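Visitor: Pasting a structure below so you can have a look.
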Amino acid sequence: MRTRRQHRLWLAGGAILLVAAACETAVTPQQQAARRASSWPPPNDRRVVLLAIDGPRYSETFGDPLHEHVPGMWDTLRPMGTLCSNFKNLGITNTNPGHGTVLTGAWQYIDNEGVTRVPYPTLFEYYRKVSGTAASDAVLIAGKLKFNALTYSTHPDYGAAYGASSYLDIPYDLETYDRLIQQLDQNSPHLVMCSFSDVDQAGHSGVWSDYLRAIEVVDSLIVLTWNHLQADPDYAGKTYMFVTADHGRHDDAHGGFQSHGDSCDGCQHIPFLVLGPNIRQGHEVTSLYTQRDICLTVGQILGIPTPYSAGLLMQPIFEQPTGVLH
Ligand SMILES: [Zn+2]
Ligand SMILES: [Zn+2]
């Protein structure tokens with residue numbers, strides 16, 4: 001049987017525990033963010049994987065109220081990341097200009113046949129010039145051969161010596177995915193852009209059901225990519241995965257899904273989702289951001305300057321108040 005003194009001690013102990021619990025719940029959001037920030041990887045240990053879906057409309061992806069064709073990204077990935085619901089290509093809504101803008105942070109007016117290289121440095125060049133790493137550390141994977149014009153720029157201070165290693169002209173998105181996983185496993189690159197082409201090819205074919213099916217396939221491949229990254233010690237907990245597009249496709253008032261290339265909202269409004277260590281979870285940014293803003297944002301994540309980028313830092317995607325720089 002408990003004595004009176006033991007009982008008092010027991011009560012006192014309980015009170016201390018209650019006080020301790022109260023102190024724990026009194027931690028401010030800023031303190032919580034600072035604690036998490038202390039476990040974020042340093043810039044030189046961070047990885048960035050940029051996934052581009054070639055030519056999906058917003059209305060069949062994140063803009064569909066039922067999200068019928070993107071269940072993986074919507075239900076599985078979105079709660080772990082930040083969605084930008086007003087993200088646009090305000091330049092030329094074609095493949096090489098769109099991807100070129102993402103890589104350089106400046107609107108690109110290059111041709112769409114792969115003849116002209118971008119005049120401004122790409123992220124690959126910015127990264128390799130500072131890091132001094134081999135080409136295998138910055139990788140471009142794409143279904144279309146014309147991406148050869150995006151591996152490096154014609155800028156005199158950068159160029160081929162700092163370009164990406166590339167794997168192009170891949171017939172199907174399933175094979176593009178296999179090549180991406182192979183690169184992640186073999187070379188553990190710090191910087192990857194991978195562009196999936198099937199949605200665009202299916203759209204140009206004019207077969208609506210094929211176009212939707214291609215969106216569903218790439219949706220599942222993007223979830224598989226994130227799961228693969230989280231199962232790999234080289235990437236888990238230190239990788240930022242961006243999902244976006246080079247352009248959309250005409251809305252129904254401007255010619256419909258079969259083509260693209262003008263400034264209608266269907267062509268300009270594109271998906272954007274990002275996940276990573278200090279990316280806000282389950283968050284939606286509704287203010288306007290554009291393709292130009294990815295380059296500077298990736299540069300800040302990797303701790304590298306991107307002096308020719310004209311874009312903005314996408315600060316609202318990061319946990320506040322510490323932001324990306326810590
Ligand atoms: Zn395209
Ligand atoms: Zn259009």
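Each chain in the structure tokens gets a letter, A, B and so on, in the order shown; residues start at 1 in every chain, and ligands are counted from 1 in the order they appear.
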Stretch 217-219 of chain A: which residues within 12 Å, counting only C-alpha atoms, same-chain residues fewer than 4 positions away excluded, as a ChimeraX atom specification?

Guide: /A:51-56,60-62,67-78,172-177,194-200,202,210-213,223-226,243-245,271

Visitor: Using only C-alpha atoms and all ligand atoms, which residues of the polymer chains come no farther than 10 Å from ligand 2? I'd like the answer as a PyMOL selection string.

Guide: chain A and resi 57+93+247-269

Visitor: Ranking A:Pro65, A:Pro156, A:Pro189, A:Pro97 by minimum distance to ligand 1 and counting only C-alpha atoms and all ligand atoms, which one comes first?

Guide: A:Pro97

Visitor: Apply DSSP to the structure's backbone, then extract all residues of stretch 198-305 of chain A labelled strand (DSSP E or B) and return them as a list in words.

Guide: Thr239, Tyr240, Met241, Phe242, Val243, Thr244, Ala245, His269, Leu273, Val274, Leu275, Ile279, His283, Glu284, Val285, Tyr289 and Thr290 of chain A

Visitor: Store the residues of this selection in a file with N, CA and C atoms, as a PDB file, in the first residue's frame.

Guide:
```pdb
ATOM      1  N   THR A 239      16.572  14.853 -51.578  1.00  0.00           N
ATOM      2  CA  THR A 239      16.252  15.077 -52.978  1.00  0.00           C
ATOM      3  C   THR A 239      15.004  15.940 -53.139  1.00  0.00           C
ATOM      4  N   TYR A 240      15.110  16.903 -54.059  1.00  0.00           N
ATOM      5  CA  TYR A 240      13.984  17.747 -54.448  1.00  0.00           C
ATOM      6  C   TYR A 240      13.518  17.268 -55.807  1.00  0.00           C
ATOM      7  N   MET A 241      12.277  16.800 -55.881  1.00  0.00           N
ATOM      8  CA  MET A 241      11.733  16.331 -57.152  1.00  0.00           C
ATOM      9  C   MET A 241      10.691  17.331 -57.643  1.00  0.00           C
ATOM     10  N   PHE A 242      10.979  17.929 -58.795  1.00  0.00           N
ATOM     11  CA  PHE A 242      10.055  18.861 -59.446  1.00  0.00           C
ATOM     12  C   PHE A 242       9.309  18.113 -60.547  1.00  0.00           C
ATOM     13  N   VAL A 243       8.021  18.354 -60.648  1.00  0.00           N
ATOM     14  CA  VAL A 243       7.227  17.829 -61.761  1.00  0.00           C
ATOM     15  C   VAL A 243       6.566  19.011 -62.461  1.00  0.00           C
ATOM     16  N   THR A 244       6.865  19.163 -63.757  1.00  0.00           N
ATOM     17  CA  THR A 244       6.229  20.239 -64.513  1.00  0.00           C
ATOM     18  C   THR A 244       6.107  19.832 -65.979  1.00  0.00           C
ATOM     19  N   ALA A 245       5.929  20.804 -66.862  1.00  0.00           N
ATOM     20  CA  ALA A 245       5.753  20.513 -68.285  1.00  0.00           C
ATOM     21  C   ALA A 245       6.430  21.601 -69.097  1.00  0.00           C
ATOM     22  N   HIS A 269      -0.932  27.277 -69.370  1.00  0.00           N
ATOM     23  CA  HIS A 269      -1.137  26.843 -67.980  1.00  0.00           C
ATOM     24  C   HIS A 269      -0.667  25.392 -67.840  1.00  0.00           C
ATOM     25  N   LEU A 273       4.435  20.662 -59.419  1.00  0.00           N
ATOM     26  CA  LEU A 273       4.418  20.042 -58.088  1.00  0.00           C
ATOM     27  C   LEU A 273       5.864  19.822 -57.669  1.00  0.00           C
ATOM     28  N   VAL A 274       6.171  20.076 -56.403  1.00  0.00           N
ATOM     29  CA  VAL A 274       7.548  19.870 -55.931  1.00  0.00           C
ATOM     30  C   VAL A 274       7.519  19.210 -54.561  1.00  0.00           C
ATOM     31  N   LEU A 275       8.442  18.275 -54.358  1.00  0.00           N
ATOM     32  CA  LEU A 275       8.592  17.604 -53.069  1.00  0.00           C
ATOM     33  C   LEU A 275      10.060  17.671 -52.666  1.00  0.00           C
ATOM     34  N   ILE A 279      10.404  21.431 -48.330  1.00  0.00           N
ATOM     35  CA  ILE A 279       9.254  21.878 -49.136  1.00  0.00           C
ATOM     36  C   ILE A 279       7.995  21.722 -48.284  1.00  0.00           C
ATOM     37  N   HIS A 283       0.617  21.849 -49.422  1.00  0.00           N
ATOM     38  CA  HIS A 283       0.458  23.279 -49.584  1.00  0.00           C
ATOM     39  C   HIS A 283       0.152  23.613 -51.045  1.00  0.00           C
ATOM     40  N   GLU A 284      -0.618  24.675 -51.238  1.00  0.00           N
ATOM     41  CA  GLU A 284      -0.901  25.156 -52.593  1.00  0.00           C
ATOM     42  C   GLU A 284      -0.513  26.622 -52.705  1.00  0.00           C
ATOM     43  N   VAL A 285       0.270  26.939 -53.703  1.00  0.00           N
ATOM     44  CA  VAL A 285       0.633  28.332 -54.003  1.00  0.00           C
ATOM     45  C   VAL A 285      -0.229  28.777 -55.169  1.00  0.00           C
ATOM     46  N   TYR A 289       3.600  31.925 -60.867  1.00  0.00           N
ATOM     47  CA  TYR A 289       5.018  31.653 -61.120  1.00  0.00           C
ATOM     48  C   TYR A 289       5.131  31.089 -62.519  1.00  0.00           C
ATOM     49  N   THR A 290       6.335  31.196 -63.081  1.00  0.00           N
ATOM     50  CA  THR A 290       6.516  30.741 -64.469  1.00  0.00           C
ATOM     51  C   THR A 290       7.727  29.818 -64.582  1.00  0.00           C
TER      52      THR A 290
END
```

Visitor: Which residue, A:Leu191, A:Ile92, A:Val207, A:Met314, has the smallest gap to ligand 1 when you use only C-alpha atoms and all ligand atoms?

Guide: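 Closest to ligand 1 of all the choices is A:Ile92.
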
Visitor: Of the candidates A:Asn94, A:Ser188, A:Ser131, A:Asn112, which shows the shortest atom-to-atom distance to ligand 1, using only C-alpha atoms and all ligand atoms?

Guide: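 The answer is A:Asn94, which sits nearest to ligand 1.
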
Visitor: My list of candidates is A:Leu221, A:Leu302, A:Val115, A:Leu296. Which is closest to A:Thr101 when distances are computed with only C-alpha atoms?

Guide: A:Leu296

Visitor: If DSSP is run on the backbone, what residues of stretch 117-282 of chain A are alpha helix (DSSP H)? A reply as a ChimeraX atom specification would be ideal.

Guide: /A:123-131,173-187,198-205,208-230,265-268

Visitor: Take the residues just selected and output them with C-alpha atoms as a CSV table (one decimal), in the first residue's frame.

Guide:
```
chain,number,residue,atom,x,y,z
A,123,LEU,CA,21.6,24.4,-65.0
A,124,PHE,CA,23.9,21.6,-66.0
A,125,GLU,CA,26.6,24.1,-66.8
A,126,TYR,CA,26.0,26.3,-63.7
A,127,TYR,CA,26.2,23.2,-61.6
A,128,ARG,CA,29.3,21.5,-63.1
A,129,LYS,CA,31.3,24.7,-63.4
A,130,VAL,CA,31.0,25.2,-59.6
A,131,SER,CA,31.1,21.6,-58.4
A,173,ASP,CA,8.0,6.6,-71.5
A,174,LEU,CA,8.4,3.1,-69.9
A,175,GLU,CA,11.9,3.0,-71.4
A,176,THR,CA,12.6,6.6,-70.5
A,177,TYR,CA,11.8,5.6,-66.9
A,178,ASP,CA,14.0,2.6,-67.1
A,179,ARG,CA,16.9,4.8,-68.3
A,180,LEU,CA,16.3,7.2,-65.5
A,181,ILE,CA,16.3,4.5,-62.8
A,182,GLN,CA,19.5,3.0,-64.4
A,183,GLN,CA,21.2,6.4,-64.2
A,184,LEU,CA,20.1,7.0,-60.6
A,185,ASP,CA,21.4,3.6,-59.6
A,186,GLN,CA,24.6,3.6,-61.5
A,187,ASN,CA,25.9,7.2,-61.2
A,198,ASP,CA,4.4,10.1,-74.8
A,199,VAL,CA,1.7,12.5,-73.8
A,200,ASP,CA,2.7,14.9,-76.5
A,201,GLN,CA,3.0,12.2,-79.2
A,202,ALA,CA,-0.4,10.8,-78.2
A,203,GLY,CA,-1.9,14.3,-78.3
A,204,HIS,CA,-0.6,15.0,-81.8
A,205,SER,CA,-2.1,11.7,-82.9
A,208,TRP,CA,-8.3,11.4,-77.1
A,209,SER,CA,-8.2,8.1,-75.3
A,210,ASP,CA,-4.5,7.5,-76.1
A,211,TYR,CA,-3.7,11.0,-74.8
A,212,LEU,CA,-5.5,10.3,-71.5
A,213,ARG,CA,-3.8,6.9,-71.2
A,214,ALA,CA,-0.4,8.4,-71.7
A,215,ILE,CA,-1.1,10.9,-68.9
A,216,GLU,CA,-2.1,8.0,-66.6
A,217,VAL,CA,1.1,6.1,-67.5
A,218,VAL,CA,3.4,9.0,-66.8
A,219,ASP,CA,1.5,9.7,-63.6
A,220,SER,CA,2.3,6.2,-62.3
A,221,LEU,CA,6.0,6.5,-63.4
A,222,ILE,CA,6.4,9.8,-61.5
A,223,VAL,CA,5.1,8.1,-58.3
A,224,LEU,CA,7.4,5.2,-58.9
A,225,THR,CA,10.3,7.6,-59.4
A,226,TRP,CA,9.6,9.3,-56.0
A,227,ASN,CA,9.4,5.9,-54.3
A,228,HIS,CA,12.6,4.8,-55.9
A,229,LEU,CA,14.4,8.0,-54.7
A,230,GLN,CA,13.1,7.5,-51.1
A,265,ASP,CA,-4.5,29.4,-71.6
A,266,GLY,CA,-4.5,25.7,-72.6
A,267,CYS,CA,-1.0,26.1,-73.9
A,268,GLN,CA,0.3,28.3,-71.2
```

Visitor: State, in Å with one decimal place, the distance from atom CA of A:Asp234 to atom CA of A:Ala138.

Guide: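 Separation between atom CA of A:Asp234 and atom CA of A:Ala138: 14.9 Å.
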
Visitor: Which is closer to ligand 1 than all the others in A:Glu113, A:Asp293, A:Asp232, A:Asp64, using only C-alpha atoms and all ligand atoms?

Guide: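 Distance minimum relative to ligand 1 lands on A:Glu113.
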
Visitor: Under the rule that only C-alpha atoms and all ligand atoms are counted, which of A:Thr286, A:Asn89, A:Thr306, A:Thr122 is the nearest residue to ligand 1?

Guide: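 Nearest to ligand 1: A:Asn89.
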
Visitor: What's the separation between atom CA of A:Leu168 and atom CA of A:Gln300, in Å to one decimal place?

Guide: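 Between atom CA of A:Leu168 and atom CA of A:Gln300 the gap is 27.6 Å.
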